[in-house]
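Undergrad: Structure file entry_28.cif (mmCIF, C-alpha atoms, pLDDT in the B column; chains and numbers go by the auth columns) right here:
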```
data_run
loop_
_atom_site.group_PDB
_atom_site.id
_atom_site.type_symbol
_atom_site.label_atom_id
_atom_site.label_comp_id
_atom_site.label_asym_id
_atom_site.label_seq_id
_atom_site.Cartn_x
_atom_site.Cartn_y
_atom_site.Cartn_z
_atom_site.B_iso_or_equiv
_atom_site.auth_seq_id
_atom_site.auth_asym_id
ATOM 1 C CA GLN A 1 -4.563 18.792 1.676 79.00 100 W
ATOM 2 C CA LEU A 2 -4.439 15.151 0.733 86.00 101 W
ATOM 3 C CA GLN A 3 -2.543 13.139 3.362 94.00 102 W
ATOM 4 C CA LEU A 4 -1.936 9.449 3.933 97.00 103 W
ATOM 5 C CA VAL A 5 -0.790 7.907 7.216 97.00 104 W
ATOM 6 C CA GLU A 6 0.431 4.325 7.542 98.00 105 W
ATOM 7 C CA SER A 7 0.341 2.313 10.748 98.00 106 W
ATOM 8 C CA GLY A 8 0.561 -1.280 11.936 98.00 107 W
ATOM 9 C CA GLY A 9 4.202 -2.047 11.309 98.00 108 W
ATOM 10 C CA GLY A 10 6.442 -3.775 13.794 98.00 109 W
ATOM 11 C CA LEU A 11 8.630 -6.762 14.523 98.00 110 W
ATOM 12 C CA VAL A 12 7.257 -10.188 13.652 98.00 111 W
ATOM 13 C CA GLN A 13 8.749 -13.664 13.452 98.00 112 W
ATOM 14 C CA PRO A 14 9.043 -15.495 10.146 98.00 113 W
ATOM 15 C CA GLY A 15 5.729 -17.104 9.265 98.00 114 W
ATOM 16 C CA GLY A 16 3.791 -14.492 11.201 98.00 115 W
ATOM 17 C CA SER A 17 1.238 -11.943 10.073 98.00 116 W
ATOM 18 C CA LEU A 18 0.714 -8.200 10.188 98.00 117 W
ATOM 19 C CA ARG A 19 -2.005 -5.891 8.955 98.00 118 W
ATOM 20 C CA LEU A 20 -0.971 -2.443 7.820 98.00 119 W
ATOM 21 C CA SER A 21 -3.422 0.428 7.621 98.00 120 W
ATOM 22 C CA CYS A 22 -3.384 3.465 5.370 98.00 121 W
ATOM 23 C CA ALA A 23 -5.674 6.203 6.656 97.00 122 W
ATOM 24 C CA ALA A 24 -6.561 9.182 4.503 94.00 123 W
ATOM 25 C CA SER A 25 -7.194 12.716 5.659 90.00 124 W
ATOM 26 C CA GLY A 26 -8.081 15.818 3.746 87.00 125 W
ATOM 27 C CA PHE A 27 -9.919 13.847 1.088 87.00 126 W
ATOM 28 C CA THR A 28 -12.309 10.940 0.615 89.00 127 W
ATOM 29 C CA LEU A 29 -10.747 7.665 -0.455 90.00 128 W
ATOM 30 C CA ASP A 30 -13.892 6.431 -2.180 90.00 129 W
ATOM 31 C CA TYR A 31 -12.857 7.294 -5.723 91.00 130 W
ATOM 32 C CA TYR A 32 -9.118 6.785 -5.387 95.00 131 W
ATOM 33 C CA ALA A 33 -6.940 3.844 -6.194 97.00 132 W
ATOM 34 C CA ILE A 34 -4.391 3.250 -3.413 97.00 133 W
ATOM 35 C CA GLY A 35 -1.113 1.410 -3.782 97.00 134 W
ATOM 36 C CA TRP A 36 1.264 -0.154 -1.300 98.00 135 W
ATOM 37 C CA PHE A 37 5.007 0.015 -1.852 98.00 136 W
ATOM 38 C CA ARG A 38 8.045 -1.035 0.127 98.00 137 W
ATOM 39 C CA GLN A 39 11.699 -0.155 0.298 98.00 138 W
ATOM 40 C CA ALA A 40 14.333 -2.339 1.902 97.00 139 W
ATOM 41 C CA PRO A 41 17.722 -0.948 2.953 92.00 140 W
ATOM 42 C CA GLY A 42 19.964 -0.461 -0.038 94.00 141 W
ATOM 43 C CA LYS A 43 17.230 -1.340 -2.507 96.00 142 W
ATOM 44 C CA GLU A 44 14.897 0.594 -4.746 96.00 143 W
ATOM 45 C CA ARG A 45 11.292 1.135 -3.823 96.00 144 W
ATOM 46 C CA GLU A 46 9.077 -1.597 -5.271 96.00 145 W
ATOM 47 C CA GLY A 47 5.365 -1.865 -5.760 97.00 146 W
ATOM 48 C CA VAL A 48 3.462 -4.472 -3.760 98.00 147 W
ATOM 49 C CA LEU A 49 -0.288 -4.232 -4.409 98.00 148 W
ATOM 50 C CA CYS A 50 -2.851 -1.695 -5.507 98.00 149 W
ATOM 51 C CA ILE A 51 -6.615 -1.523 -5.099 98.00 150 W
ATOM 52 C CA SER A 52 -8.780 0.486 -7.473 97.00 151 W
ATOM 53 C CA TRP A 53 -11.760 2.588 -6.461 95.00 152 W
ATOM 54 C CA ASN A 54 -14.194 -0.287 -7.024 94.00 153 W
ATOM 55 C CA GLY A 55 -12.118 -2.990 -5.334 93.00 154 W
ATOM 56 C CA GLY A 56 -10.169 -4.403 -8.252 95.00 155 W
ATOM 57 C CA THR A 57 -6.610 -5.323 -7.364 95.00 156 W
ATOM 58 C CA THR A 58 -3.295 -5.111 -9.171 94.00 157 W
ATOM 59 C CA ASN A 59 -0.312 -7.130 -8.058 93.00 158 W
ATOM 60 C CA TYR A 60 3.010 -5.379 -8.602 94.00 159 W
ATOM 61 C CA ALA A 61 5.239 -8.042 -7.004 94.00 160 W
ATOM 62 C CA ASP A 62 5.215 -11.771 -7.746 94.00 161 W
ATOM 63 C CA SER A 63 6.995 -12.402 -4.462 95.00 162 W
ATOM 64 C CA VAL A 64 3.866 -11.577 -2.414 97.00 163 W
ATOM 65 C CA LYS A 65 1.302 -13.557 -4.420 96.00 164 W
ATOM 66 C CA GLY A 66 -0.729 -15.844 -2.217 96.00 165 W
ATOM 67 C CA ARG A 67 0.612 -14.174 0.950 98.00 166 W
ATOM 68 C CA PHE A 68 -0.458 -10.501 0.840 98.00 167 W
ATOM 69 C CA THR A 69 -3.916 -9.120 0.187 98.00 168 W
ATOM 70 C CA ILE A 70 -5.229 -5.583 -0.092 98.00 169 W
ATOM 71 C CA SER A 71 -8.647 -4.331 0.901 98.00 170 W
ATOM 72 C CA ARG A 72 -10.461 -1.095 1.581 97.00 171 W
ATOM 73 C CA ASP A 73 -13.084 0.188 3.989 96.00 172 W
ATOM 74 C CA ASN A 74 -14.435 3.401 2.544 94.00 173 W
ATOM 75 C CA ALA A 75 -16.574 4.022 5.617 94.00 174 W
ATOM 76 C CA LYS A 76 -13.348 4.251 7.622 95.00 175 W
ATOM 77 C CA ASN A 77 -11.458 6.024 4.838 95.00 176 W
ATOM 78 C CA THR A 78 -8.782 3.344 5.144 97.00 177 W
ATOM 79 C CA VAL A 79 -6.976 0.806 2.970 98.00 178 W
ATOM 80 C CA TYR A 80 -5.389 -2.300 4.488 98.00 179 W
ATOM 81 C CA LEU A 81 -2.513 -4.557 3.557 98.00 180 W
ATOM 82 C CA GLN A 82 -2.822 -7.998 5.131 98.00 181 W
ATOM 83 C CA MET A 83 0.518 -9.758 5.165 98.00 182 W
ATOM 84 C CA ASN A 84 0.679 -13.475 5.979 98.00 183 W
ATOM 85 C CA SER A 85 3.487 -16.028 5.947 98.00 184 W
ATOM 86 C CA LEU A 86 6.009 -13.245 6.340 98.00 185 W
ATOM 87 C CA LYS A 87 9.615 -13.859 5.368 98.00 186 W
ATOM 88 C CA PRO A 88 12.804 -12.037 6.364 97.00 187 W
ATOM 89 C CA GLU A 89 13.007 -10.651 2.819 97.00 188 W
ATOM 90 C CA ASP A 90 9.730 -8.802 3.446 98.00 189 W
ATOM 91 C CA THR A 91 11.591 -6.545 5.853 98.00 190 W
ATOM 92 C CA ALA A 92 11.222 -2.984 4.586 98.00 191 W
ATOM 93 C CA VAL A 93 9.570 0.352 5.133 98.00 192 W
ATOM 94 C CA TYR A 94 6.064 0.118 3.717 98.00 193 W
ATOM 95 C CA TYR A 95 4.362 3.105 2.119 98.00 194 W
ATOM 96 C CA CYS A 96 0.891 3.747 0.790 98.00 195 W
ATOM 97 C CA ALA A 97 0.302 6.156 -2.059 97.00 196 W
ATOM 98 C CA ALA A 98 -2.404 7.748 -4.186 96.00 197 W
ATOM 99 C CA PRO A 99 -2.245 8.540 -7.908 94.00 198 W
ATOM 100 C CA ARG A 100 -0.875 11.878 -8.989 90.00 199 W
ATOM 101 C CA SER A 101 -3.502 12.534 -11.647 88.00 200 W
ATOM 102 C CA PHE A 102 -6.936 13.617 -10.487 88.00 201 W
ATOM 103 C CA SER A 103 -8.466 12.488 -13.787 87.00 202 W
ATOM 104 C CA TYR A 104 -7.034 8.989 -13.449 86.00 203 W
ATOM 105 C CA ARG A 105 -7.267 8.634 -9.705 93.00 204 W
ATOM 106 C CA HIS A 106 -9.706 5.713 -9.951 94.00 205 W
ATOM 107 C CA THR A 107 -7.414 3.072 -11.398 93.00 206 W
ATOM 108 C CA CYS A 108 -4.103 1.598 -10.367 94.00 207 W
ATOM 109 C CA PRO A 109 -1.249 3.403 -12.108 91.00 208 W
ATOM 110 C CA ASN A 110 1.458 1.618 -14.004 87.00 209 W
ATOM 111 C CA GLY A 111 4.488 2.337 -11.874 87.00 210 W
ATOM 112 C CA ALA A 112 5.524 4.319 -8.834 89.00 211 W
ATOM 113 C CA GLY A 113 6.170 7.437 -10.905 91.00 212 W
ATOM 114 C CA ARG A 114 2.459 7.941 -11.458 93.00 213 W
ATOM 115 C CA TYR A 115 1.773 8.192 -7.742 95.00 214 W
ATOM 116 C CA GLY A 116 1.942 11.678 -6.326 93.00 215 W
ATOM 117 C CA TYR A 117 0.833 11.425 -2.710 94.00 216 W
ATOM 118 C CA TRP A 118 2.806 9.334 -0.260 96.00 217 W
ATOM 119 C CA GLY A 119 2.603 8.531 3.416 97.00 218 W
ATOM 120 C CA GLN A 120 5.589 8.656 5.744 97.00 219 W
ATOM 121 C CA GLY A 121 5.987 4.875 5.862 98.00 220 W
ATOM 122 C CA THR A 122 5.854 2.210 8.551 98.00 221 W
ATOM 123 C CA GLN A 123 8.690 -0.196 9.357 98.00 222 W
ATOM 124 C CA VAL A 124 8.124 -3.936 9.059 98.00 223 W
ATOM 125 C CA THR A 125 10.861 -6.204 10.373 98.00 224 W
ATOM 126 C CA VAL A 126 10.645 -9.971 9.992 98.00 225 W
ATOM 127 C CA SER A 127 13.186 -11.683 12.177 97.00 226 W
ATOM 128 C CA SER A 128 13.519 -14.448 14.726 96.00 227 W
#
```
Could you show the structure in this file as C-alpha cells?

TA:
Amino acid sequence: QLQLVESGGGLVQPGGSLRLSCAASGFTLDYYAIGWFRQAPGKEREGVLCISWNGGTTNYADSVKGRFTISRDNAKNTVYLQMNSLKPEDTAVYYCAAPRSFSYRHTCPNGAGRYGYWGQGTQVTVSS
C-alpha cells in the first residue's frame, strides 16, 4: 500500500529554516510527482510546491517563491521541502501527497483534488 510519512517539523523563529522530509513506503518514488501542501488553522489547504518524476518543479504559492525549494533523492525514496526565511504566516500543518492517477503519476497535477495519497502531516510553527 502506498504510504507517505512527513517529518522535520517543529518550532522555529522568524527568519529561520527547516527541512521537511516526505518518505515513501510501499512503492518507489522514482516515477511519481510529489507535492507539498499546507493548512493553517481556519484556512483551506493550499499547495506549496511540487516536483515531477524528472526533477521539474511547479510552484503553487507565490508567497514561498525565493524562500522554499523542493528536491528529491530517489535513492532514499524521499522528497524534501527546504524552507528558508520563515515567517509567522508559514505556520501550518504541512502535508506531502502523490497523484491519484497511476497513468499521470509522473507530472505535477493541477490542484489538490488530483492528489490521492496523503501523509499525516507535520506541524511547522514560526514564532518568536

Undergrad: Grab the CA of Thr190 in chain W to CA of Ala139 in chain W distance for me, in Å with one decimal place.

TA: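 Result for CA of Thr190 in chain W versus CA of Ala139 in chain W: 6.4 Å, one decimal.
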
Undergrad: If the PyMOL selection byres ((chain W and resi 155-160) around 12) were run on this exact file, what residues would it hold? Put them as a ChimeraX atom specification.

TA: /W:131-137,144-154,161-171,180,189,205-211

Undergrad: Would you pick out the contacts of Lys186 in chain W at 12 Å or less, using all atoms listed in the file, so that residues sharing its chain but fewer than 4 positions from it are not included, and give the list as a PyMOL selection string?

TA: chain W and resi 110-117+162-163+166-167+182+190-191+223-227

Undergrad: Name all residues at most 9 Å from Thr127 in chain W (count only C-alpha atoms; drop same-chain ones fewer than 4 positions away) and give them as a list of chain:residue names.

TA: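 The residues that qualify are W:Leu101, W:Ala123, W:Tyr131, W:Asn173, W:Asn176.
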
Undergrad: Nearest residue to Ala197 in chain W out of W:Arg118, W:Gln138, W:Asp129, W:Asp172, using all atoms listed in the file?

TA: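 Under the stated criterion, the closest residue is W:Asp129.
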
Undergrad: Once the PyMOL selection byres ((chain W and resi 105) around 10) has been evaluated on this model, what residues remain selected, and can you format them as a ChimeraX atom specification?

TA: /W:103-104,106-108,119-123,135,177-179,193-196,217-222

Undergrad: Any idea what the distance is between CA of Pro140 in chain W and CA of Val192 in chain W?

TA: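 Separating CA of Pro140 in chain W from CA of Val192 in chain W is a distance of 8.5 Å.
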
Undergrad: Report, in Å to a single decimal, how far apart CA of Phe201 in chain W and CA of Gly215 in chain W are.

TA: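 Distance reported for this atom pair: 10.0 Å.
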
Undergrad: Output as lines of an AutoDock Vina configuration file the centre and edge lengths (Å, one decimal) of the box along x, y and z of the file that holds every listed atom of range 114-119 of chain W after adding 6 Å on each side.

TA:
```
center_x = 1.9
center_y = -9.8
center_z = 9.5
size_x = 19.7
size_y = 26.7
size_z = 15.4
```
